[in-house]
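Heads up: the structure comes next, in structure tokens.
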Amino acid sequence: MALATAACALLIEAAFGYPERLLRSIGHPVIWLGRLITALDRRLNREAWSPARRRAAGLAALLILLAASLAPAWLIEAALHRLPLGWLAVALLASSLLAQRSLHEHVARVATALEQKGLAAGRIAVSHIVGRDPESLDEAGICRAAIESLAENFSDGIVAPALWLALAGLPGAAAYKAVNTADSMIGHRTPRHEAFGWAAARFDDLVNLPASRLSALLLVLAACLLPGASPAAALRALRRDAHRHRSPNAGWPEAAMAGALGLALAGPRRYSGVLVEDALMGDGRRDATAADIRRALRLYRLADALLIALAAILALTGPG
């Protein structure tokens with residue numbers, strides 16, 4: 001049943017996304033989680049405390065966040081499964097934890113901005129999806145940033161929540177989303193969050209490990225279907241580069257995307273004025289263009305379709 005729910009949730013979100021009217025009226029689960037994380041950060045992350053105490057407080061905050069996401073999701077799922085076609089209602093709710101349409105729209109806006117309005121508009125558009133300094137990016141840097149975000153968020157925003165939904169139902173997907181949101185908000189190595197965000201960052205690395213590998217495999221398979229893409233180069237980049245990335249997970253989809261498209265992604269990047277060194281993913285061109293963003297989006301759509309097909313096949317052929 002969880003597999004059927006995951007397949008249906010993917011189809012619902014791919015077709016309809018998260019309704020704008022609903023977003024304006026009640027917000028979004030990520031917004032609700034973000035408010036709780038902000039409150040926990042404000043209350044439990046005290047600058048006067050020692051690093052050890054702040055790390056313990058961060059672990060306590062993560063446990064509170066997990067309880068606040070797991071318990072309601074479990075109760076809602078249990079109640080809905082008592083109803084006829086309750087699994088379909090669960091799939092509808094779970095679709096809000098996926099980001100297929102919004103990811104595509106945000107990345108496509110970067111290409112459109114560059115094509116129609118130029119560099120300044122491209123910097124504004126890419127600033128909505130990456131944390132690096134937009135003013136430090138030339139056109140190629142903007143395009144690489146958008147493609148890297150597409151690859152990483154294919155894993156974090158789609159494959160991972162779908163996988164945890166298939167494995168553990170709505171509670172699994174909700175808990176994953178809580179952890180991933182916490183990592184994005186407090187998991188950075190800043191002076192304020194170096195200790196407090198440690199637990200969230202490490203747990204996020206753990207829960208994303210299987211999805212990052214599956215995402216890379218899906219991108220390699222998608223490259224077999226996209227004219228001009230190279231699945232062989234994607235595999236070579238995976239074997240050579242994925243483990244060299246600063247993140248134990250982001251390198252997998254980024255390396256697969258880079259190899260498939262003949263690009264070199266990642267490398268040195270600037271955040272808040274600080275240059276962060278990182279390995280290159282892929283050995284292709286660094287001079288990415290808006291056309292490369294469009295090609296990356298086509299590869300992403302194929303990989304996402306493969307994910308939906310995989311979930312549907314497993315749901316149809318699984319026991320029961």
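All residue names refer to the structure tokens as shown: chains lettered A, B, ... in order, residues numbered from 1 in each chain, ligands numbered from 1 in order.
Residues in contact range of Leu299 of chain A, defined as at most 10 Å between only C-alpha atoms, with sequence neighbours fewer than 2 positions away removed, read A:Ala151, A:Leu218, A:Leu219, A:Val220, A:Leu221, A:Ala222, A:Ala223, A:Cys224, A:Leu225, A:Leu226, A:Pro227, A:Ala229, A:Met257, A:Ala260, A:Leu261, A:Ile293, A:Arg294, A:Arg295, A:Ala296, A:Leu297, A:Arg301, A:Leu302, A:Ala303, A:Asp304, A:Ala305.
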Could you name the residues that touch segment 100-112 of chain A at 6 Å or less, counting only C-alpha atoms, but leaving out those on the same chain fewer than 4 positions away, as a PDB file with C-alpha atoms, in the first residue's frame?
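Contents of the output file result_30.pdb:
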```pdb
ATOM      1  CA  ALA A  14       3.690  16.007 -11.190  1.00  0.00           C
ATOM      2  CA  GLY A  17       1.864  20.657  -7.982  1.00  0.00           C
ATOM      3  CA  GLN A 116      15.056  37.150 -22.204  1.00  0.00           C
ATOM      4  CA  GLY A 122      19.609  35.535 -14.227  1.00  0.00           C
ATOM      5  CA  ALA A 125      16.400  34.107 -10.553  1.00  0.00           C
ATOM      6  CA  VAL A 126      19.222  31.822  -9.408  1.00  0.00           C
ATOM      7  CA  ALA A 146      21.026  26.118 -11.583  1.00  0.00           C
ATOM      8  CA  ALA A 290      20.951  28.535 -20.766  1.00  0.00           C
TER       9      ALA A 290
END
```
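Note that atom CA of Arg270 of chain A and atom CA of Phe196 of chain A are 23.2 Å apart.
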**Request:** For Gly262 of chain A, work out the shell of residues within 8 Å, counting only C-alpha atoms and skipping chain neighbours fewer than 2 positions away, then give it as a ChimeraX atom specification.
**Result:** /A:229-230,233,258-260,264,282-285
Keeping N, CA, C and O atoms, export the residues of the selection given above as a PDB file, in the first residue's frame.
```pdb
ATOM      1  N   ALA A 229      23.004  12.867 -24.857  1.00  0.00           N
ATOM      2  CA  ALA A 229      23.530  12.623 -23.520  1.00  0.00           C
ATOM      3  C   ALA A 229      24.354  11.349 -23.514  1.00  0.00           C
ATOM      4  O   ALA A 229      24.188  10.471 -24.370  1.00  0.00           O
ATOM      5  N   SER A 230      25.259  11.234 -22.527  1.00  0.00           N
ATOM      6  CA  SER A 230      26.167  10.097 -22.492  1.00  0.00           C
ATOM      7  C   SER A 230      26.048   9.337 -21.169  1.00  0.00           C
ATOM      8  O   SER A 230      26.582   9.782 -20.151  1.00  0.00           O
ATOM      9  N   ALA A 233      29.634   8.387 -19.940  1.00  0.00           N
ATOM     10  CA  ALA A 233      30.350   9.477 -19.273  1.00  0.00           C
ATOM     11  C   ALA A 233      29.757   9.747 -17.896  1.00  0.00           C
ATOM     12  O   ALA A 233      30.482  10.104 -16.962  1.00  0.00           O
ATOM     13  N   ALA A 258      26.501  15.928 -14.562  1.00  0.00           N
ATOM     14  CA  ALA A 258      27.629  16.534 -15.268  1.00  0.00           C
ATOM     15  C   ALA A 258      28.145  15.620 -16.375  1.00  0.00           C
ATOM     16  O   ALA A 258      28.352  16.055 -17.519  1.00  0.00           O
ATOM     17  N   GLY A 259      28.367  14.344 -16.038  1.00  0.00           N
ATOM     18  CA  GLY A 259      28.876  13.421 -17.036  1.00  0.00           C
ATOM     19  C   GLY A 259      27.916  13.231 -18.193  1.00  0.00           C
ATOM     20  O   GLY A 259      28.332  13.209 -19.360  1.00  0.00           O
ATOM     21  N   ALA A 260      26.634  13.119 -17.880  1.00  0.00           N
ATOM     22  CA  ALA A 260      25.636  12.898 -18.931  1.00  0.00           C
ATOM     23  C   ALA A 260      25.582  14.054 -19.912  1.00  0.00           C
ATOM     24  O   ALA A 260      25.381  13.850 -21.121  1.00  0.00           O
ATOM     25  N   ALA A 264      31.307  20.213 -16.441  1.00  0.00           N
ATOM     26  CA  ALA A 264      32.065  20.096 -15.198  1.00  0.00           C
ATOM     27  C   ALA A 264      31.374  20.984 -14.177  1.00  0.00           C
ATOM     28  O   ALA A 264      31.384  22.217 -14.298  1.00  0.00           O
ATOM     29  N   GLY A 282      32.606  15.757 -13.016  1.00  0.00           N
ATOM     30  CA  GLY A 282      32.658  15.691 -14.466  1.00  0.00           C
ATOM     31  C   GLY A 282      33.898  16.371 -15.001  1.00  0.00           C
ATOM     32  O   GLY A 282      34.534  17.179 -14.316  1.00  0.00           O
ATOM     33  N   ASP A 283      34.258  16.063 -16.250  1.00  0.00           N
ATOM     34  CA  ASP A 283      35.460  16.643 -16.852  1.00  0.00           C
ATOM     35  C   ASP A 283      35.139  17.357 -18.156  1.00  0.00           C
ATOM     36  O   ASP A 283      35.999  17.484 -19.038  1.00  0.00           O
ATOM     37  N   GLY A 284      33.897  17.835 -18.278  1.00  0.00           N
ATOM     38  CA  GLY A 284      33.484  18.511 -19.505  1.00  0.00           C
ATOM     39  C   GLY A 284      33.668  20.017 -19.445  1.00  0.00           C
ATOM     40  O   GLY A 284      34.564  20.539 -18.788  1.00  0.00           O
ATOM     41  N   ARG A 285      32.773  20.728 -20.107  1.00  0.00           N
ATOM     42  CA  ARG A 285      32.852  22.192 -20.219  1.00  0.00           C
ATOM     43  C   ARG A 285      32.475  22.879 -18.908  1.00  0.00           C
ATOM     44  O   ARG A 285      31.566  22.426 -18.214  1.00  0.00           O
TER      45      ARG A 285
END
```
**DSSP helix (DSSP H, G or I) selection over segment 56-245 of chain A, as number ranges by chain** = A: 56-80, 86-97, 100-117, 119-127, 134-136, 139-186, 198-225, 231-244
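One distance worth recording is that between atom CA of Trp198 of chain A and atom CA of Ile186 of chain A, which is 8.3 Å.
Checking A:Met185, A:Leu214, A:Ala255, A:Arg21 one by one against Leu306 of chain A, counting only C-alpha atoms, you find the shortest gap at A:Leu214.
The nearest approach to Ala173 of chain A among the residues A:Trp252, A:Phe16, A:Trp74, A:Trp49, with only C-alpha atoms taken into account, belongs to A:Trp74.
The nearest approach to Glu254 of chain A among the residues A:Ile147, A:Ala168, A:Ala211, A:Ala2, with only C-alpha atoms taken into account, belongs to A:Ile147.
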**Test item: residues at most 12 Å from Leu3 of chain A, only C-alpha atoms, excluding those fewer than 3 positions along its chain, as an MDAnalysis selection string** = chainID A and resid 6:10 87:88 90:91 162:170 307:320
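You can rank A:Leu238, A:Ala195, A:Ile37, A:Ala174 by their closest distance to Glu77 of chain A using only C-alpha atoms, and at the top of that list sits A:Ala174.
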Find the spatial neighbours of Pro268 of chain A, counting only C-alpha atoms, within a cut-off of 12 Å - ignore same-chain residues fewer than 2 positions away - and output them as a PDB file with N, CA, C and O atoms, in the first residue's frame.
```pdb
ATOM      1  N   ARG A 132      24.679  30.557  -2.801  1.00  0.00           N
ATOM      2  CA  ARG A 132      25.939  31.242  -3.088  1.00  0.00           C
ATOM      3  C   ARG A 132      25.707  32.692  -3.480  1.00  0.00           C
ATOM      4  O   ARG A 132      24.586  33.086  -3.804  1.00  0.00           O
ATOM      5  N   SER A 136      28.660  37.279  -7.567  1.00  0.00           N
ATOM      6  CA  SER A 136      29.963  36.736  -7.951  1.00  0.00           C
ATOM      7  C   SER A 136      29.872  35.833  -9.174  1.00  0.00           C
ATOM      8  O   SER A 136      30.902  35.352  -9.660  1.00  0.00           O
ATOM      9  N   LEU A 137      28.667  35.599  -9.692  1.00  0.00           N
ATOM     10  CA  LEU A 137      28.461  34.635 -10.764  1.00  0.00           C
ATOM     11  C   LEU A 137      28.382  35.315 -12.123  1.00  0.00           C
ATOM     12  O   LEU A 137      27.634  36.283 -12.311  1.00  0.00           O
ATOM     13  N   GLY A 141      28.517  30.656 -14.521  1.00  0.00           N
ATOM     14  CA  GLY A 141      28.357  30.305 -13.108  1.00  0.00           C
ATOM     15  C   GLY A 141      26.902  30.195 -12.714  1.00  0.00           C
ATOM     16  O   GLY A 141      26.518  29.318 -11.924  1.00  0.00           O
ATOM     17  N   ARG A 144      25.657  26.863 -14.201  1.00  0.00           N
ATOM     18  CA  ARG A 144      26.136  25.710 -13.426  1.00  0.00           C
ATOM     19  C   ARG A 144      25.402  25.610 -12.089  1.00  0.00           C
ATOM     20  O   ARG A 144      25.022  24.515 -11.657  1.00  0.00           O
ATOM     21  N   ALA A 145      25.190  26.754 -11.439  1.00  0.00           N
ATOM     22  CA  ALA A 145      24.494  26.750 -10.151  1.00  0.00           C
ATOM     23  C   ALA A 145      23.084  26.197 -10.304  1.00  0.00           C
ATOM     24  O   ALA A 145      22.611  25.415  -9.464  1.00  0.00           O
ATOM     25  N   HIS A 245      33.170  14.934  -3.602  1.00  0.00           N
ATOM     26  CA  HIS A 245      32.361  16.119  -3.288  1.00  0.00           C
ATOM     27  C   HIS A 245      32.375  16.386  -1.783  1.00  0.00           C
ATOM     28  O   HIS A 245      32.498  15.461  -0.976  1.00  0.00           O
ATOM     29  N   ARG A 246      32.235  17.660  -1.393  1.00  0.00           N
ATOM     30  CA  ARG A 246      32.192  18.010   0.033  1.00  0.00           C
ATOM     31  C   ARG A 246      31.032  17.335   0.745  1.00  0.00           C
ATOM     32  O   ARG A 246      31.116  17.004   1.923  1.00  0.00           O
ATOM     33  N   ALA A 264      31.307  20.213 -16.441  1.00  0.00           N
ATOM     34  CA  ALA A 264      32.065  20.096 -15.198  1.00  0.00           C
ATOM     35  C   ALA A 264      31.374  20.984 -14.177  1.00  0.00           C
ATOM     36  O   ALA A 264      31.384  22.217 -14.298  1.00  0.00           O
ATOM     37  N   LEU A 265      30.733  20.372 -13.196  1.00  0.00           N
ATOM     38  CA  LEU A 265      29.960  21.100 -12.195  1.00  0.00           C
ATOM     39  C   LEU A 265      30.728  21.158 -10.873  1.00  0.00           C
ATOM     40  O   LEU A 265      31.808  20.612 -10.743  1.00  0.00           O
ATOM     41  N   ALA A 266      30.112  21.835  -9.892  1.00  0.00           N
ATOM     42  CA  ALA A 266      30.699  22.019  -8.556  1.00  0.00           C
ATOM     43  C   ALA A 266      31.996  22.807  -8.672  1.00  0.00           C
ATOM     44  O   ALA A 266      32.060  23.805  -9.367  1.00  0.00           O
ATOM     45  N   ARG A 270      31.465  30.551  -3.972  1.00  0.00           N
ATOM     46  CA  ARG A 270      31.570  31.604  -2.975  1.00  0.00           C
ATOM     47  C   ARG A 270      30.237  31.750  -2.235  1.00  0.00           C
ATOM     48  O   ARG A 270      29.192  31.948  -2.848  1.00  0.00           O
ATOM     49  N   TYR A 271      30.285  31.648  -0.894  1.00  0.00           N
ATOM     50  CA  TYR A 271      29.122  31.807  -0.033  1.00  0.00           C
ATOM     51  C   TYR A 271      29.404  32.910   0.983  1.00  0.00           C
ATOM     52  O   TYR A 271      30.395  32.824   1.727  1.00  0.00           O
ATOM     53  N   VAL A 274      32.828  34.117   1.251  1.00  0.00           N
ATOM     54  CA  VAL A 274      33.870  33.131   1.567  1.00  0.00           C
ATOM     55  C   VAL A 274      33.974  32.118   0.426  1.00  0.00           C
ATOM     56  O   VAL A 274      32.967  31.523   0.023  1.00  0.00           O
ATOM     57  N   LEU A 275      35.183  31.939  -0.092  1.00  0.00           N
ATOM     58  CA  LEU A 275      35.402  30.965  -1.154  1.00  0.00           C
ATOM     59  C   LEU A 275      35.483  29.571  -0.559  1.00  0.00           C
ATOM     60  O   LEU A 275      36.305  29.303   0.321  1.00  0.00           O
ATOM     61  N   VAL A 276      34.616  28.671  -1.025  1.00  0.00           N
ATOM     62  CA  VAL A 276      34.576  27.289  -0.541  1.00  0.00           C
ATOM     63  C   VAL A 276      35.129  26.386  -1.637  1.00  0.00           C
ATOM     64  O   VAL A 276      34.610  26.353  -2.757  1.00  0.00           O
ATOM     65  N   GLU A 277      36.189  25.677  -1.314  1.00  0.00           N
ATOM     66  CA  GLU A 277      36.802  24.778  -2.298  1.00  0.00           C
ATOM     67  C   GLU A 277      36.017  23.476  -2.375  1.00  0.00           C
ATOM     68  O   GLU A 277      35.530  22.966  -1.376  1.00  0.00           O
ATOM     69  N   ASP A 278      35.911  22.936  -3.579  1.00  0.00           N
ATOM     70  CA  ASP A 278      35.266  21.647  -3.772  1.00  0.00           C
ATOM     71  C   ASP A 278      35.797  21.031  -5.051  1.00  0.00           C
ATOM     72  O   ASP A 278      36.319  21.727  -5.933  1.00  0.00           O
ATOM     73  N   ALA A 279      35.653  19.719  -5.155  1.00  0.00           N
ATOM     74  CA  ALA A 279      36.126  19.014  -6.345  1.00  0.00           C
ATOM     75  C   ALA A 279      35.176  19.246  -7.508  1.00  0.00           C
ATOM     76  O   ALA A 279      33.989  19.531  -7.325  1.00  0.00           O
ATOM     77  N   LEU A 280      35.704  19.102  -8.716  1.00  0.00           N
ATOM     78  CA  LEU A 280      34.884  19.176  -9.910  1.00  0.00           C
ATOM     79  C   LEU A 280      34.135  17.863 -10.104  1.00  0.00           C
ATOM     80  O   LEU A 280      34.680  16.782  -9.891  1.00  0.00           O
ATOM     81  N   MET A 281      32.887  17.968 -10.516  1.00  0.00           N
ATOM     82  CA  MET A 281      32.089  16.806 -10.884  1.00  0.00           C
ATOM     83  C   MET A 281      32.014  16.775 -12.412  1.00  0.00           C
ATOM     84  O   MET A 281      31.436  17.672 -13.029  1.00  0.00           O
ATOM     85  N   ARG A 286      33.121  23.989 -18.601  1.00  0.00           N
ATOM     86  CA  ARG A 286      32.704  24.854 -17.501  1.00  0.00           C
ATOM     87  C   ARG A 286      31.808  25.971 -18.008  1.00  0.00           C
ATOM     88  O   ARG A 286      31.058  26.564 -17.230  1.00  0.00           O
TER      89      ARG A 286
END
```
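Restricting the calculation to only C-alpha atoms, the smallest distance between Pro171 of chain A and any of A:Leu209, A:Pro72, A:Gly27, A:Ser215 is found for A:Pro72.
Minimum distance to Asp156 of chain A across A:Glu13, A:Asp292, A:Asp204, A:Asp287 (counting only C-alpha atoms) occurs at A:Asp204.
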**Message:** Residues of segment 181-303 of chain A classed as strand (DSSP E or B) by DSSP on the backbone are to be reported as a list in words.
**Reply:** Leu263, Leu265, Ala266, Arg269, Arg270, Tyr271, Val274, Leu275, Val276, Leu280, Met281 and Arg285 of chain A
So that I have them on file, write out the residues from the current selection with C-alpha atoms, as an mmCIF file, in the first residue's frame.
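Okay, again.cif is ready:
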```
data_model
loop_
_atom_site.group_PDB
_atom_site.id
_atom_site.type_symbol
_atom_site.label_atom_id
_atom_site.label_comp_id
_atom_site.auth_asym_id
_atom_site.auth_seq_id
_atom_site.Cartn_x
_atom_site.Cartn_y
_atom_site.Cartn_z
ATOM 1 C CA LEU A 263 29.817 19.504 -18.196
ATOM 2 C CA LEU A 265 29.960 21.100 -12.195
ATOM 3 C CA ALA A 266 30.699 22.019 -8.556
ATOM 4 C CA ARG A 269 32.044 28.420 -4.980
ATOM 5 C CA ARG A 270 31.570 31.604 -2.975
ATOM 6 C CA TYR A 271 29.122 31.807 -0.033
ATOM 7 C CA VAL A 274 33.870 33.131 1.567
ATOM 8 C CA LEU A 275 35.402 30.965 -1.154
ATOM 9 C CA VAL A 276 34.576 27.289 -0.541
ATOM 10 C CA LEU A 280 34.884 19.176 -9.910
ATOM 11 C CA MET A 281 32.089 16.806 -10.884
ATOM 12 C CA ARG A 285 32.852 22.192 -20.219
#
```
For Ala120 of chain A, please output as an mmCIF file with C-alpha atoms, in the first residue's frame all residues within 10 Å (counting only C-alpha atoms; exclusion window: fewer than 4 positions along the same chain).
```cif
data_model
loop_
_atom_site.group_PDB
_atom_site.id
_atom_site.type_symbol
_atom_site.label_atom_id
_atom_site.label_comp_id
_atom_site.auth_asym_id
_atom_site.auth_seq_id
_atom_site.Cartn_x
_atom_site.Cartn_y
_atom_site.Cartn_z
ATOM 1 C CA ALA A 113 15.644 35.096 -17.271
ATOM 2 C CA LEU A 114 19.015 34.713 -18.983
ATOM 3 C CA ILE A 124 18.062 37.316 -9.342
ATOM 4 C CA ALA A 125 16.400 34.107 -10.553
ATOM 5 C CA PRO A 134 24.771 35.750 -6.998
ATOM 6 C CA GLU A 135 26.835 38.890 -7.686
ATOM 7 C CA LEU A 137 28.461 34.635 -10.764
ATOM 8 C CA ASP A 138 28.936 35.201 -14.474
ATOM 9 C CA GLU A 139 26.509 33.643 -16.956
#
```
